[in-house]
file coords-v8.pdb (PDB, C-alpha atoms)
MODEL        1
ATOM      1  CA  ILE A   1     101.177 123.783  99.778  1.00  0.00           C
ATOM      2  CA  ASN A   2     103.553 120.989  98.882  1.00  0.00           C
ATOM      3  CA  ALA A   3     101.363 117.914  99.269  1.00  0.00           C
ATOM      4  CA  PRO A   4     101.087 116.151  95.900  1.00  0.00           C
ATOM      5  CA  GLN A   5      97.479 115.157  96.572  1.00  0.00           C
ATOM      6  CA  VAL A   6      96.231 118.766  96.807  1.00  0.00           C
ATOM      7  CA  ALA A   7      94.233 120.541  94.107  1.00  0.00           C
ATOM      8  CA  VAL A   8      93.302 124.226  94.011  1.00  0.00           C
ATOM      9  CA  ALA A   9      90.431 125.774  92.066  1.00  0.00           C
ATOM     10  CA  ILE A  10      89.360 129.381  91.675  1.00  0.00           C
ATOM     11  CA  ASN A  11      85.792 130.003  90.578  1.00  0.00           C
ATOM     12  CA  GLY A  12      85.425 126.351  89.617  1.00  0.00           C
ATOM     13  CA  GLU A  13      88.561 126.231  87.444  1.00  0.00           C
ATOM     14  CA  VAL A  14      91.302 123.877  88.624  1.00  0.00           C
ATOM     15  CA  LEU A  15      94.690 125.568  88.490  1.00  0.00           C
ATOM     16  CA  PRO A  16      97.822 123.812  87.269  1.00  0.00           C
ATOM     17  CA  ARG A  17     100.265 123.529  90.168  1.00  0.00           C
ATOM     18  CA  ASP A  18     102.942 125.536  88.350  1.00  0.00           C
ATOM     19  CA  SER A  19     100.601 128.544  88.098  1.00  0.00           C
ATOM     20  CA  TRP A  20      99.784 128.780  91.823  1.00  0.00           C
ATOM     21  CA  SER A  21     102.499 131.297  92.655  1.00  0.00           C
ATOM     22  CA  GLN A  22     101.501 133.636  89.817  1.00  0.00           C
ATOM     23  CA  THR A  23      97.729 133.479  90.340  1.00  0.00           C
ATOM     24  CA  GLU A  24      96.047 136.530  91.823  1.00  0.00           C
ATOM     25  CA  VAL A  25      92.975 136.002  93.984  1.00  0.00           C
ATOM     26  CA  ARG A  26      90.517 138.868  93.690  1.00  0.00           C
ATOM     27  CA  ALA A  27      87.694 140.022  95.911  1.00  0.00           C
ATOM     28  CA  GLY A  28      84.651 137.869  95.265  1.00  0.00           C
ATOM     29  CA  ASP A  29      86.620 134.856  93.978  1.00  0.00           C
ATOM     30  CA  THR A  30      85.681 131.439  95.296  1.00  0.00           C
ATOM     31  CA  VAL A  31      88.773 129.456  96.272  1.00  0.00           C
ATOM     32  CA  GLU A  32      88.621 125.708  96.868  1.00  0.00           C
ATOM     33  CA  VAL A  33      91.501 123.647  98.248  1.00  0.00           C
ATOM     34  CA  VAL A  34      90.939 119.891  98.110  1.00  0.00           C
ATOM     35  CA  ARG A  35      93.163 117.169  99.515  1.00  0.00           C
ATOM     36  CA  ALA A  36      92.606 113.592  98.424  1.00  0.00           C
ATOM     37  CA  VAL A  37      92.954 111.005 101.180  1.00  0.00           C
ATOM     38  CA  GLY A  38      92.791 107.246 101.062  1.00  0.00           C
ATOM     39  CA  GLY A  39      90.634 105.179 103.290  1.00  0.00           C
ATOM     40  CA  GLY A  40      88.224 102.401 103.372  1.00  0.00           C
TER      41      GLY A  40
ENDMDL
END
call {"tool": "encode", "arguments": {"input": "coords-v8.pdb", "output": "structure tokens"}}
result
Amino acid sequence: INAPQVAVAINGEVLPRDSWSQTEVRAGDTVEVVRAVGGG
């Protein structure tokens, strides 16, 4: 995911972008991927 407006959280904890590639997702984890968009 290269979009600068994307955030990732596992179990409610937002992950720093530089830790994404080293983070292990385990069974039972809740993963949230959020993309901010502008609008009006």
call {"tool": "residues_near_point", "arguments": {"input": "coords-v8.pdb", "point": "(87.7, 128.3, 89.4)", "cutoff": "12 Å", "atoms": "only C-alpha atoms", "output": "list in words"}}
result
Ala7, Val8, Ala9, Ile10, Asn11, Gly12, Glu13, Val14, Leu15, Pro16, Thr23, Glu24, Val25, Arg26, Gly28, Asp29, Thr30, Val31, Glu32 and Val33 of chain A
call {"tool": "atom_distance", "arguments": {"input": "coords-v8.pdb", "atom1": "atom CA of A:Ser21", "atom2": "atom CA of A:Val34"}}
result
17.1 Å
call {"tool": "axis_aligned_box", "arguments": {"input": "coords-v8.pdb", "around": "stretch 11-15 of chain A", "padding_each_side": "3 Å", "output": "lines of an AutoDock Vina configuration file"}}
result
center_x = 90.1
center_y = 126.9
center_z = 89.0
size_x = 15.3
size_y = 12.1
size_z = 9.1
call {"tool": "decode", "arguments": {"input": "coords-v8.pdb", "residues": "stretch 5-30 of chain A", "atoms": "C-alpha atoms", "output": "PDB file, in the first residue's frame"}}
result
ATOM      1  CA  GLN A   5      -3.269   8.853   3.048  1.00  0.00           C
ATOM      2  CA  VAL A   6      -3.593   5.238   4.256  1.00  0.00           C
ATOM      3  CA  ALA A   7      -3.382   4.147   7.890  1.00  0.00           C
ATOM      4  CA  VAL A   8      -3.254   0.579   9.196  1.00  0.00           C
ATOM      5  CA  ALA A   9      -4.208  -0.579  12.683  1.00  0.00           C
ATOM      6  CA  ILE A  10      -4.055  -4.001  14.289  1.00  0.00           C
ATOM      7  CA  ASN A  11      -6.240  -4.572  17.326  1.00  0.00           C
ATOM      8  CA  GLY A  12      -6.857  -0.840  17.613  1.00  0.00           C
ATOM      9  CA  GLU A  13      -3.170   0.146  17.527  1.00  0.00           C
ATOM     10  CA  VAL A  14      -2.097   2.281  14.571  1.00  0.00           C
ATOM     11  CA  LEU A  15       1.121   0.977  13.056  1.00  0.00           C
ATOM     12  CA  PRO A  16       3.926   3.254  11.904  1.00  0.00           C
ATOM     13  CA  ARG A  17       4.312   2.898   8.140  1.00  0.00           C
ATOM     14  CA  ASP A  18       7.919   1.713   8.434  1.00  0.00           C
ATOM     15  CA  SER A  19       6.827  -1.279  10.544  1.00  0.00           C
ATOM     16  CA  TRP A  20       4.232  -2.628   8.086  1.00  0.00           C
ATOM     17  CA  SER A  21       6.574  -5.050   6.341  1.00  0.00           C
ATOM     18  CA  GLN A  22       7.803  -6.559   9.618  1.00  0.00           C
ATOM     19  CA  THR A  23       4.412  -6.862  11.332  1.00  0.00           C
ATOM     20  CA  GLU A  24       2.944 -10.334  11.689  1.00  0.00           C
ATOM     21  CA  VAL A  25      -0.832 -10.691  11.625  1.00  0.00           C
ATOM     22  CA  ARG A  26      -2.030 -13.544  13.809  1.00  0.00           C
ATOM     23  CA  ALA A  27      -5.251 -15.505  13.873  1.00  0.00           C
ATOM     24  CA  GLY A  28      -7.879 -13.511  15.725  1.00  0.00           C
ATOM     25  CA  ASP A  29      -6.272 -10.107  15.056  1.00  0.00           C
ATOM     26  CA  THR A  30      -8.516  -7.293  13.897  1.00  0.00           C
TER      27      THR A  30
END
